[in-house]
$ cat structure-v5.cif   # mmCIF, N, CA and C atoms, pLDDT in the B column; chains and numbers go by the auth columns
data_run
#
loop_
_atom_site.group_PDB
_atom_site.id
_atom_site.type_symbol
_atom_site.label_atom_id
_atom_site.label_comp_id
_atom_site.label_asym_id
_atom_site.label_seq_id
_atom_site.Cartn_x
_atom_site.Cartn_y
_atom_site.Cartn_z
_atom_site.B_iso_or_equiv
_atom_site.auth_seq_id
_atom_site.auth_asym_id
ATOM 1 N N MET A 1 128.882 103.865 64.637 97.00 219 A
ATOM 2 C CA MET A 1 127.792 102.960 64.367 97.00 219 A
ATOM 3 C C MET A 1 126.545 103.773 64.114 97.00 219 A
ATOM 4 N N LEU A 2 125.576 103.185 63.449 98.00 220 A
ATOM 5 C CA LEU A 2 124.304 103.852 63.189 98.00 220 A
ATOM 6 C C LEU A 2 123.159 102.985 63.685 98.00 220 A
ATOM 7 N N LEU A 3 122.209 103.620 64.348 98.00 221 A
ATOM 8 C CA LEU A 3 121.008 102.932 64.803 98.00 221 A
ATOM 9 C C LEU A 3 119.801 103.527 64.095 98.00 221 A
ATOM 10 N N ARG A 4 118.864 102.673 63.765 98.00 222 A
ATOM 11 C CA ARG A 4 117.598 103.133 63.201 98.00 222 A
ATOM 12 C C ARG A 4 116.544 102.950 64.284 98.00 222 A
ATOM 13 N N VAL A 5 115.851 104.049 64.606 98.00 223 A
ATOM 14 C CA VAL A 5 114.934 104.065 65.750 98.00 223 A
ATOM 15 C C VAL A 5 113.520 104.394 65.291 98.00 223 A
ATOM 16 N N ARG A 6 112.563 103.576 65.689 98.00 224 A
ATOM 17 C CA ARG A 6 111.145 103.862 65.454 98.00 224 A
ATOM 18 C C ARG A 6 110.692 104.704 66.632 98.00 224 A
ATOM 19 N N VAL A 7 110.354 105.965 66.371 98.00 225 A
ATOM 20 C CA VAL A 7 109.946 106.912 67.415 98.00 225 A
ATOM 21 C C VAL A 7 108.433 107.066 67.369 98.00 225 A
ATOM 22 N N LEU A 8 107.783 106.760 68.470 98.00 226 A
ATOM 23 C CA LEU A 8 106.330 106.894 68.552 98.00 226 A
ATOM 24 C C LEU A 8 105.931 108.352 68.763 98.00 226 A
ATOM 25 N N SER A 9 104.673 108.639 68.578 98.00 227 A
ATOM 26 C CA SER A 9 104.182 110.016 68.702 98.00 227 A
ATOM 27 C C SER A 9 104.365 110.576 70.107 98.00 227 A
ATOM 28 N N ASN A 10 104.542 109.702 71.117 98.00 228 A
ATOM 29 C CA ASN A 10 104.775 110.188 72.480 98.00 228 A
ATOM 30 C C ASN A 10 106.270 110.393 72.775 98.00 228 A
ATOM 31 N N GLY A 11 107.134 110.138 71.774 98.00 229 A
ATOM 32 C CA GLY A 11 108.564 110.377 71.929 98.00 229 A
ATOM 33 C C GLY A 11 109.374 109.175 72.381 98.00 229 A
ATOM 34 N N THR A 12 108.718 108.064 72.696 98.00 230 A
ATOM 35 C CA THR A 12 109.453 106.877 73.124 98.00 230 A
ATOM 36 C C THR A 12 109.902 106.061 71.911 98.00 230 A
ATOM 37 N N ALA A 13 110.954 105.279 72.101 98.00 231 A
ATOM 38 C CA ALA A 13 111.460 104.415 71.045 98.00 231 A
ATOM 39 C C ALA A 13 110.766 103.062 71.133 98.00 231 A
ATOM 40 N N SER A 14 110.047 102.690 70.080 97.00 232 A
ATOM 41 C CA SER A 14 109.372 101.388 70.107 97.00 232 A
ATOM 42 C C SER A 14 110.272 100.275 69.607 97.00 232 A
ATOM 43 N N SER A 15 111.237 100.602 68.748 97.00 233 A
ATOM 44 C CA SER A 15 112.208 99.611 68.301 97.00 233 A
ATOM 45 C C SER A 15 113.508 100.313 67.925 97.00 233 A
ATOM 46 N N VAL A 16 114.600 99.608 68.137 98.00 234 A
ATOM 47 C CA VAL A 16 115.924 100.126 67.797 98.00 234 A
ATOM 48 C C VAL A 16 116.659 99.016 67.069 98.00 234 A
ATOM 49 N N GLU A 17 117.146 99.318 65.862 97.00 235 A
ATOM 50 C CA GLU A 17 117.852 98.338 65.043 97.00 235 A
ATOM 51 C C GLU A 17 119.249 98.856 64.731 97.00 235 A
ATOM 52 N N VAL A 18 120.222 97.948 64.712 98.00 236 A
ATOM 53 C CA VAL A 18 121.582 98.315 64.317 98.00 236 A
ATOM 54 C C VAL A 18 121.610 98.381 62.792 98.00 236 A
ATOM 55 N N GLN A 19 121.854 99.573 62.273 97.00 237 A
ATOM 56 C CA GLN A 19 121.930 99.765 60.829 97.00 237 A
ATOM 57 C C GLN A 19 123.372 99.557 60.348 97.00 237 A
ATOM 58 N N SER A 20 124.326 99.986 61.159 97.00 238 A
ATOM 59 C CA SER A 20 125.746 99.822 60.856 97.00 238 A
ATOM 60 C C SER A 20 126.454 99.524 62.178 97.00 238 A
ATOM 61 N N SER A 21 127.049 98.356 62.283 97.00 239 A
ATOM 62 C CA SER A 21 127.638 97.889 63.538 97.00 239 A
ATOM 63 C C SER A 21 128.929 98.618 63.894 97.00 239 A
ATOM 64 N N SER A 22 129.208 98.639 65.181 95.00 240 A
ATOM 65 C CA SER A 22 130.474 99.174 65.680 95.00 240 A
ATOM 66 C C SER A 22 131.602 98.167 65.490 95.00 240 A
ATOM 67 N N GLY A 23 131.232 96.917 65.227 95.00 241 A
ATOM 68 C CA GLY A 23 132.217 95.849 65.132 95.00 241 A
ATOM 69 C C GLY A 23 132.297 95.015 66.402 95.00 241 A
ATOM 70 N N SER A 24 131.594 95.459 67.437 95.00 242 A
ATOM 71 C CA SER A 24 131.577 94.746 68.711 95.00 242 A
ATOM 72 C C SER A 24 130.132 94.516 69.141 95.00 242 A
ATOM 73 N N LYS A 25 129.744 93.250 69.315 96.00 243 A
ATOM 74 C CA LYS A 25 128.373 92.949 69.732 96.00 243 A
ATOM 75 C C LYS A 25 128.054 93.584 71.089 96.00 243 A
ATOM 76 N N ALA A 26 129.011 93.579 71.997 96.00 244 A
ATOM 77 C CA ALA A 26 128.787 94.154 73.331 96.00 244 A
ATOM 78 C C ALA A 26 128.498 95.653 73.233 96.00 244 A
ATOM 79 N N LEU A 27 129.263 96.368 72.402 95.00 245 A
ATOM 80 C CA LEU A 27 129.014 97.808 72.229 95.00 245 A
ATOM 81 C C LEU A 27 127.691 98.058 71.519 95.00 245 A
ATOM 82 N N ASP A 28 127.385 97.259 70.502 97.00 246 A
ATOM 83 C CA ASP A 28 126.105 97.393 69.796 97.00 246 A
ATOM 84 C C ASP A 28 124.944 97.198 70.770 97.00 246 A
ATOM 85 N N ASP A 29 125.016 96.143 71.579 97.00 247 A
ATOM 86 C CA ASP A 29 123.949 95.848 72.544 97.00 247 A
ATOM 87 C C ASP A 29 123.801 96.970 73.570 97.00 247 A
ATOM 88 N N ALA A 30 124.927 97.518 74.034 95.00 248 A
ATOM 89 C CA ALA A 30 124.886 98.610 75.010 95.00 248 A
ATOM 90 C C ALA A 30 124.253 99.857 74.399 95.00 248 A
ATOM 91 N N ALA A 31 124.591 100.155 73.150 97.00 249 A
ATOM 92 C CA ALA A 31 124.022 101.321 72.484 97.00 249 A
ATOM 93 C C ALA A 31 122.521 101.158 72.290 97.00 249 A
ATOM 94 N N VAL A 32 122.084 99.988 71.853 97.00 250 A
ATOM 95 C CA VAL A 32 120.649 99.727 71.657 97.00 250 A
ATOM 96 C C VAL A 32 119.902 99.870 72.981 97.00 250 A
ATOM 97 N N ALA A 33 120.414 99.277 74.049 97.00 251 A
ATOM 98 C CA ALA A 33 119.763 99.357 75.363 97.00 251 A
ATOM 99 C C ALA A 33 119.663 100.802 75.848 97.00 251 A
ATOM 100 N N THR A 34 120.698 101.589 75.615 96.00 252 A
ATOM 101 C CA THR A 34 120.697 102.988 76.052 96.00 252 A
ATOM 102 C C THR A 34 119.700 103.817 75.264 96.00 252 A
ATOM 103 N N VAL A 35 119.707 103.664 73.933 97.00 253 A
ATOM 104 C CA VAL A 35 118.828 104.474 73.086 97.00 253 A
ATOM 105 C C VAL A 35 117.354 104.132 73.328 97.00 253 A
ATOM 106 N N LYS A 36 117.062 102.883 73.696 97.00 254 A
ATOM 107 C CA LYS A 36 115.674 102.499 74.012 97.00 254 A
ATOM 108 C C LYS A 36 115.118 103.304 75.187 97.00 254 A
ATOM 109 N N LYS A 37 115.990 103.837 76.044 98.00 255 A
ATOM 110 C CA LYS A 37 115.562 104.607 77.221 98.00 255 A
ATOM 111 C C LYS A 37 115.402 106.099 76.920 98.00 255 A
ATOM 112 N N TRP A 38 115.901 106.561 75.774 98.00 256 A
ATOM 113 C CA TRP A 38 115.847 107.986 75.442 98.00 256 A
ATOM 114 C C TRP A 38 114.435 108.443 75.132 98.00 256 A
ATOM 115 N N LEU A 39 114.187 109.724 75.338 98.00 257 A
ATOM 116 C CA LEU A 39 112.932 110.356 74.933 98.00 257 A
ATOM 117 C C LEU A 39 113.254 111.293 73.774 98.00 257 A
ATOM 118 N N PHE A 40 112.577 111.089 72.662 97.00 258 A
ATOM 119 C CA PHE A 40 112.817 111.849 71.443 97.00 258 A
ATOM 120 C C PHE A 40 111.740 112.908 71.234 97.00 258 A
ATOM 121 N N SER A 41 112.034 113.885 70.418 96.00 259 A
ATOM 122 C CA SER A 41 111.014 114.809 69.916 96.00 259 A
ATOM 123 C C SER A 41 110.404 114.132 68.696 96.00 259 A
ATOM 124 N N PRO A 42 109.117 113.809 68.746 96.00 260 A
ATOM 125 C CA PRO A 42 108.513 113.065 67.637 96.00 260 A
ATOM 126 C C PRO A 42 108.364 113.918 66.380 96.00 260 A
ATOM 127 N N SER A 43 108.234 113.243 65.249 96.00 261 A
ATOM 128 C CA SER A 43 107.903 113.922 63.998 96.00 261 A
ATOM 129 C C SER A 43 106.522 114.548 64.150 96.00 261 A
ATOM 130 N N LYS A 44 106.242 115.527 63.321 96.00 262 A
ATOM 131 C CA LYS A 44 104.919 116.172 63.378 96.00 262 A
ATOM 132 C C LYS A 44 104.341 116.321 61.988 96.00 262 A
ATOM 133 N N ARG A 45 103.049 116.208 61.915 97.00 263 A
ATOM 134 C CA ARG A 45 102.293 116.540 60.717 97.00 263 A
ATOM 135 C C ARG A 45 101.408 117.711 61.130 97.00 263 A
ATOM 136 N N GLY A 46 101.791 118.896 60.673 97.00 264 A
ATOM 137 C CA GLY A 46 101.143 120.093 61.190 97.00 264 A
ATOM 138 C C GLY A 46 101.580 120.262 62.631 97.00 264 A
ATOM 139 N N ASP A 47 100.609 120.355 63.539 96.00 265 A
ATOM 140 C CA ASP A 47 100.918 120.453 64.966 96.00 265 A
ATOM 141 C C ASP A 47 100.782 119.119 65.697 96.00 265 A
ATOM 142 N N ALA A 48 100.358 118.074 64.973 97.00 266 A
ATOM 143 C CA ALA A 48 100.092 116.783 65.612 97.00 266 A
ATOM 144 C C ALA A 48 101.320 115.874 65.554 97.00 266 A
ATOM 145 N N PRO A 49 101.768 115.375 66.705 98.00 267 A
ATOM 146 C CA PRO A 49 102.891 114.431 66.698 98.00 267 A
ATOM 147 C C PRO A 49 102.478 113.118 66.035 98.00 267 A
ATOM 148 N N ILE A 50 103.409 112.532 65.272 98.00 268 A
ATOM 149 C CA ILE A 50 103.156 111.265 64.585 98.00 268 A
ATOM 150 C C ILE A 50 104.339 110.322 64.794 98.00 268 A
ATOM 151 N N ASP A 51 104.105 109.033 64.559 98.00 269 A
ATOM 152 C CA ASP A 51 105.188 108.053 64.597 98.00 269 A
ATOM 153 C C ASP A 51 106.128 108.308 63.421 98.00 269 A
ATOM 154 N N GLY A 52 107.394 108.014 63.612 97.00 270 A
ATOM 155 C CA GLY A 52 108.362 108.191 62.536 97.00 270 A
ATOM 156 C C GLY A 52 109.635 107.415 62.811 97.00 270 A
ATOM 157 N N TRP A 53 110.618 107.621 61.951 97.00 271 A
ATOM 158 C CA TRP A 53 111.906 106.949 62.067 97.00 271 A
ATOM 159 C C TRP A 53 113.003 107.974 62.251 97.00 271 A
ATOM 160 N N ALA A 54 114.034 107.613 63.002 97.00 272 A
ATOM 161 C CA ALA A 54 115.213 108.468 63.178 97.00 272 A
ATOM 162 C C ALA A 54 116.462 107.611 63.010 97.00 272 A
ATOM 163 N N THR A 55 117.489 108.191 62.431 97.00 273 A
ATOM 164 C CA THR A 55 118.789 107.542 62.348 97.00 273 A
ATOM 165 C C THR A 55 119.694 108.216 63.368 97.00 273 A
ATOM 166 N N VAL A 56 120.255 107.410 64.263 97.00 274 A
ATOM 167 C CA VAL A 56 121.051 107.941 65.366 97.00 274 A
ATOM 168 C C VAL A 56 122.493 107.449 65.246 97.00 274 A
ATOM 169 N N PRO A 57 123.442 108.365 65.019 98.00 275 A
ATOM 170 C CA PRO A 57 124.848 107.947 65.008 98.00 275 A
ATOM 171 C C PRO A 57 125.376 107.849 66.441 98.00 275 A
ATOM 172 N N ILE A 58 126.143 106.813 66.714 96.00 276 A
ATOM 173 C CA ILE A 58 126.756 106.618 68.026 96.00 276 A
ATOM 174 C C ILE A 58 128.258 106.478 67.804 96.00 276 A
ATOM 175 N N GLU A 59 129.028 107.249 68.563 94.00 277 A
ATOM 176 C CA GLU A 59 130.488 107.177 68.462 94.00 277 A
ATOM 177 C C GLU A 59 131.047 106.797 69.823 94.00 277 A
ATOM 178 N N PHE A 60 131.859 105.765 69.854 89.00 278 A
ATOM 179 C CA PHE A 60 132.494 105.333 71.084 89.00 278 A
ATOM 180 C C PHE A 60 133.911 105.871 71.121 89.00 278 A
ATOM 181 N N LYS A 61 134.318 106.378 72.288 87.00 279 A
ATOM 182 C CA LYS A 61 135.682 106.847 72.484 87.00 279 A
ATOM 183 C C LYS A 61 136.213 106.262 73.784 87.00 279 A
ATOM 184 N N LEU A 62 137.452 105.850 73.763 81.00 280 A
ATOM 185 C CA LEU A 62 138.092 105.331 74.959 81.00 280 A
ATOM 186 C C LEU A 62 138.995 106.395 75.553 81.00 280 A
ATOM 187 N N ASP A 63 138.824 106.646 76.839 86.00 281 A
ATOM 188 C CA ASP A 63 139.734 107.557 77.555 86.00 281 A
ATOM 189 C C ASP A 63 140.907 106.738 78.087 86.00 281 A
ATOM 190 N N GLN A 64 142.079 107.286 77.921 78.00 282 A
ATOM 191 C CA GLN A 64 143.251 106.542 78.401 78.00 282 A
ATOM 192 C C GLN A 64 143.967 107.281 79.468 78.00 282 A
#
$ encode --input "structure-v5.cif" --output "structure tokens"
Amino acid sequence: MLLRVRVLSNGTASSVEVQSSSGSKALDDAAVATVKKWLFSPSKRGDAPIDGWATVPIEFKLDQ
């Protein structure tokens, strides 16, 4: 699945959107909730951090 994340200049995610679904709403919702808690390295213009977008691939694997 792919998530599109709006990353603020302080590294927090202000919004997370499902760009390509896993096929399961429960897995999509879990991935969005998890990524909202992550701290990112923000984009920079020169040395100044700025808001930007990131595409985050998520892969689910089942252990048996």
$ resolve_selection --input "structure-v5.cif" --expression "the PyMOL selection byres ((chain A and resi 238) around 5)" --output "ChimeraX atom specification"
/A:219-220,236-237,239-240
$ resolve_selection --input "structure-v5.cif" --expression "the PyMOL selection byres (((chain A and resi 225-235 and name CA) around 6) and name CA)" --output "VMD selection string"
chain A and resid 221 to 224 236 254 257 to 260 267 to 271
$ atom_distance --input "structure-v5.cif" --atom1 "atom N of Thr273 in chain A" --atom2 "atom C of Ala244 in chain A"
19.9 Å
$ select_by_dssp --input "structure-v5.cif" --residues "chain A" --states "alpha helix (DSSP H)" --output "mmCIF file with N, CA and C atoms, in the frame of the given file"
data_model
loop_
_atom_site.group_PDB
_atom_site.id
_atom_site.type_symbol
_atom_site.label_atom_id
_atom_site.label_comp_id
_atom_site.auth_asym_id
_atom_site.auth_seq_id
_atom_site.Cartn_x
_atom_site.Cartn_y
_atom_site.Cartn_z
ATOM 1 N N LYS A 243 129.744 93.250 69.315
ATOM 2 C CA LYS A 243 128.373 92.949 69.732
ATOM 3 C C LYS A 243 128.054 93.584 71.089
ATOM 4 N N ALA A 244 129.011 93.579 71.997
ATOM 5 C CA ALA A 244 128.787 94.154 73.331
ATOM 6 C C ALA A 244 128.498 95.653 73.233
ATOM 7 N N LEU A 245 129.263 96.368 72.402
ATOM 8 C CA LEU A 245 129.014 97.808 72.229
ATOM 9 C C LEU A 245 127.691 98.058 71.519
ATOM 10 N N ASP A 246 127.385 97.259 70.502
ATOM 11 C CA ASP A 246 126.105 97.393 69.796
ATOM 12 C C ASP A 246 124.944 97.198 70.770
ATOM 13 N N ASP A 247 125.016 96.143 71.579
ATOM 14 C CA ASP A 247 123.949 95.848 72.544
ATOM 15 C C ASP A 247 123.801 96.970 73.570
ATOM 16 N N ALA A 248 124.927 97.518 74.034
ATOM 17 C CA ALA A 248 124.886 98.610 75.010
ATOM 18 C C ALA A 248 124.253 99.857 74.399
ATOM 19 N N ALA A 249 124.591 100.155 73.150
ATOM 20 C CA ALA A 249 124.022 101.321 72.484
ATOM 21 C C ALA A 249 122.521 101.158 72.290
ATOM 22 N N VAL A 250 122.084 99.988 71.853
ATOM 23 C CA VAL A 250 120.649 99.727 71.657
ATOM 24 C C VAL A 250 119.902 99.870 72.981
ATOM 25 N N ALA A 251 120.414 99.277 74.049
ATOM 26 C CA ALA A 251 119.763 99.357 75.363
ATOM 27 C C ALA A 251 119.663 100.802 75.848
ATOM 28 N N THR A 252 120.698 101.589 75.615
ATOM 29 C CA THR A 252 120.697 102.988 76.052
ATOM 30 C C THR A 252 119.700 103.817 75.264
ATOM 31 N N VAL A 253 119.707 103.664 73.933
ATOM 32 C CA VAL A 253 118.828 104.474 73.086
ATOM 33 C C VAL A 253 117.354 104.132 73.328
#
$ atom_distance --input "structure-v5.cif" --atom1 "atom N of Ser242 in chain A" --atom2 "atom N of Val274 in chain A"
16.8 Å
$ atom_distance --input "structure-v5.cif" --atom1 "atom C of Asp247 in chain A" --atom2 "atom C of Asp281 in chain A"
20.2 Å
$ select_by_dssp --input "structure-v5.cif" --residues "chain A" --states "strand (DSSP E)" --output "ChimeraX atom specification"
/A:220-225,231-238,261-263,266-268,270-275
$ closest_residue --input "structure-v5.cif" --among "A:Trp256, A:Ala251, A:Arg263, A:Asp246" --to "Ile276 in chain A" --atoms "only C-alpha atoms"
A:Asp246
$ axis_aligned_box --input "structure-v5.cif" --around "range 243-257 of chain A" --padding-each-side "3 Å" --output "lines of an AutoDock Vina configuration file"
center_x = 121.3
center_y = 102.1
center_z = 73.3
size_x = 22.8
size_y = 24.3
size_z = 13.9
$ decode --input "structure-v5.cif" --residues "range 258-282 of chain A" --atoms "N, CA, C and O atoms" --output "tab-separated table (two decimals), in the first residue's frame"
chain	number	residue	atom	x	y	z
A	258	PHE	N	9.16	12.56	11.16
A	258	PHE	CA	9.89	12.56	9.90
A	258	PHE	C	11.00	13.59	9.90
A	258	PHE	O	10.98	14.54	10.69
A	259	SER	N	11.95	13.43	9.01
A	259	SER	CA	12.92	14.48	8.71
A	259	SER	C	12.26	15.38	7.68
A	259	SER	O	11.95	14.92	6.57
A	260	PRO	N	12.02	16.64	8.01
A	260	PRO	CA	11.29	17.51	7.08
A	260	PRO	C	12.13	17.89	5.87
A	260	PRO	O	13.36	17.81	5.89
A	261	SER	N	11.45	18.30	4.81
A	261	SER	CA	12.13	18.86	3.64
A	261	SER	C	12.84	20.14	4.07
A	261	SER	O	12.49	20.74	5.09
A	262	LYS	N	13.82	20.54	3.30
A	262	LYS	CA	14.54	21.78	3.62
A	262	LYS	C	14.70	22.64	2.38
A	262	LYS	O	14.83	22.14	1.27
A	263	ARG	N	14.66	23.92	2.60
A	263	ARG	CA	15.02	24.90	1.58
A	263	ARG	C	16.25	25.60	2.14
A	263	ARG	O	16.15	26.35	3.11
A	264	GLY	N	17.40	25.27	1.58
A	264	GLY	CA	18.64	25.72	2.19
A	264	GLY	C	18.81	24.97	3.50
A	264	GLY	O	18.76	23.75	3.53
A	265	ASP	N	18.98	25.71	4.59
A	265	ASP	CA	19.08	25.09	5.91
A	265	ASP	C	17.77	25.14	6.69
A	265	ASP	O	17.69	24.63	7.81
A	266	ALA	N	16.74	25.77	6.11
A	266	ALA	CA	15.48	25.96	6.83
A	266	ALA	C	14.49	24.82	6.53
A	266	ALA	O	14.21	24.53	5.37
A	267	PRO	N	13.99	24.16	7.57
A	267	PRO	CA	12.98	23.12	7.35
A	267	PRO	C	11.68	23.74	6.83
A	267	PRO	O	11.30	24.84	7.25
A	268	ILE	N	11.03	23.03	5.90
A	268	ILE	CA	9.77	23.50	5.32
A	268	ILE	C	8.76	22.35	5.30
A	268	ILE	O	9.12	21.19	5.40
A	269	ASP	N	7.48	22.70	5.16
A	269	ASP	CA	6.44	21.69	4.99
A	269	ASP	C	6.62	21.02	3.63
A	269	ASP	O	7.09	21.64	2.67
A	270	GLY	N	6.25	19.76	3.55
A	270	GLY	CA	6.35	19.04	2.28
A	270	GLY	C	5.51	17.79	2.30
A	270	GLY	O	4.76	17.54	3.23
A	271	TRP	N	5.64	17.01	1.24
A	271	TRP	CA	4.89	15.76	1.09
A	271	TRP	C	5.85	14.60	1.00
A	271	TRP	O	6.95	14.74	0.46
A	272	ALA	N	5.45	13.45	1.52
A	272	ALA	CA	6.23	12.21	1.41
A	272	ALA	C	5.30	11.08	1.00
A	272	ALA	O	4.13	11.05	1.40
A	273	THR	N	5.81	10.17	0.20
A	273	THR	CA	5.08	8.96	-0.15
A	273	THR	C	5.71	7.82	0.63
A	273	THR	O	6.92	7.61	0.56
A	274	VAL	N	4.89	7.12	1.41
A	274	VAL	CA	5.39	6.08	2.29
A	274	VAL	C	4.81	4.72	1.88
A	274	VAL	O	3.60	4.52	1.96
A	275	PRO	N	5.67	3.80	1.42
A	275	PRO	CA	5.16	2.46	1.12
A	275	PRO	C	5.06	1.63	2.41
A	275	PRO	O	5.93	1.70	3.27
A	276	ILE	N	3.98	0.88	2.54
A	276	ILE	CA	3.77	0.01	3.69
A	276	ILE	C	3.54	-1.40	3.15
A	276	ILE	O	2.73	-1.61	2.25
A	277	GLU	N	4.28	-2.36	3.70
A	277	GLU	CA	4.11	-3.75	3.29
A	277	GLU	C	3.73	-4.57	4.50
A	277	GLU	O	4.39	-4.52	5.54
A	278	PHE	N	2.65	-5.31	4.39
A	278	PHE	CA	2.20	-6.18	5.46
A	278	PHE	C	2.65	-7.60	5.17
A	278	PHE	O	2.55	-8.09	4.05
A	279	LYS	N	3.15	-8.28	6.21
A	279	LYS	CA	3.54	-9.67	6.09
A	279	LYS	C	2.95	-10.44	7.26
A	279	LYS	O	2.95	-9.96	8.39
A	280	LEU	N	2.46	-11.62	6.98
A	280	LEU	CA	1.93	-12.48	8.03
A	280	LEU	C	2.94	-13.55	8.38
A	280	LEU	O	3.48	-14.22	7.49
A	281	ASP	N	3.22	-13.68	9.66
A	281	ASP	CA	4.09	-14.77	10.14
A	281	ASP	C	3.21	-15.98	10.43
A	281	ASP	O	2.16	-15.87	11.02
A	282	GLN	N	3.69	-17.12	9.99
A	282	GLN	CA	2.88	-18.33	10.23
A	282	GLN	C	3.59	-19.30	11.09
A	282	GLN	O	4.73	-19.46	11.16
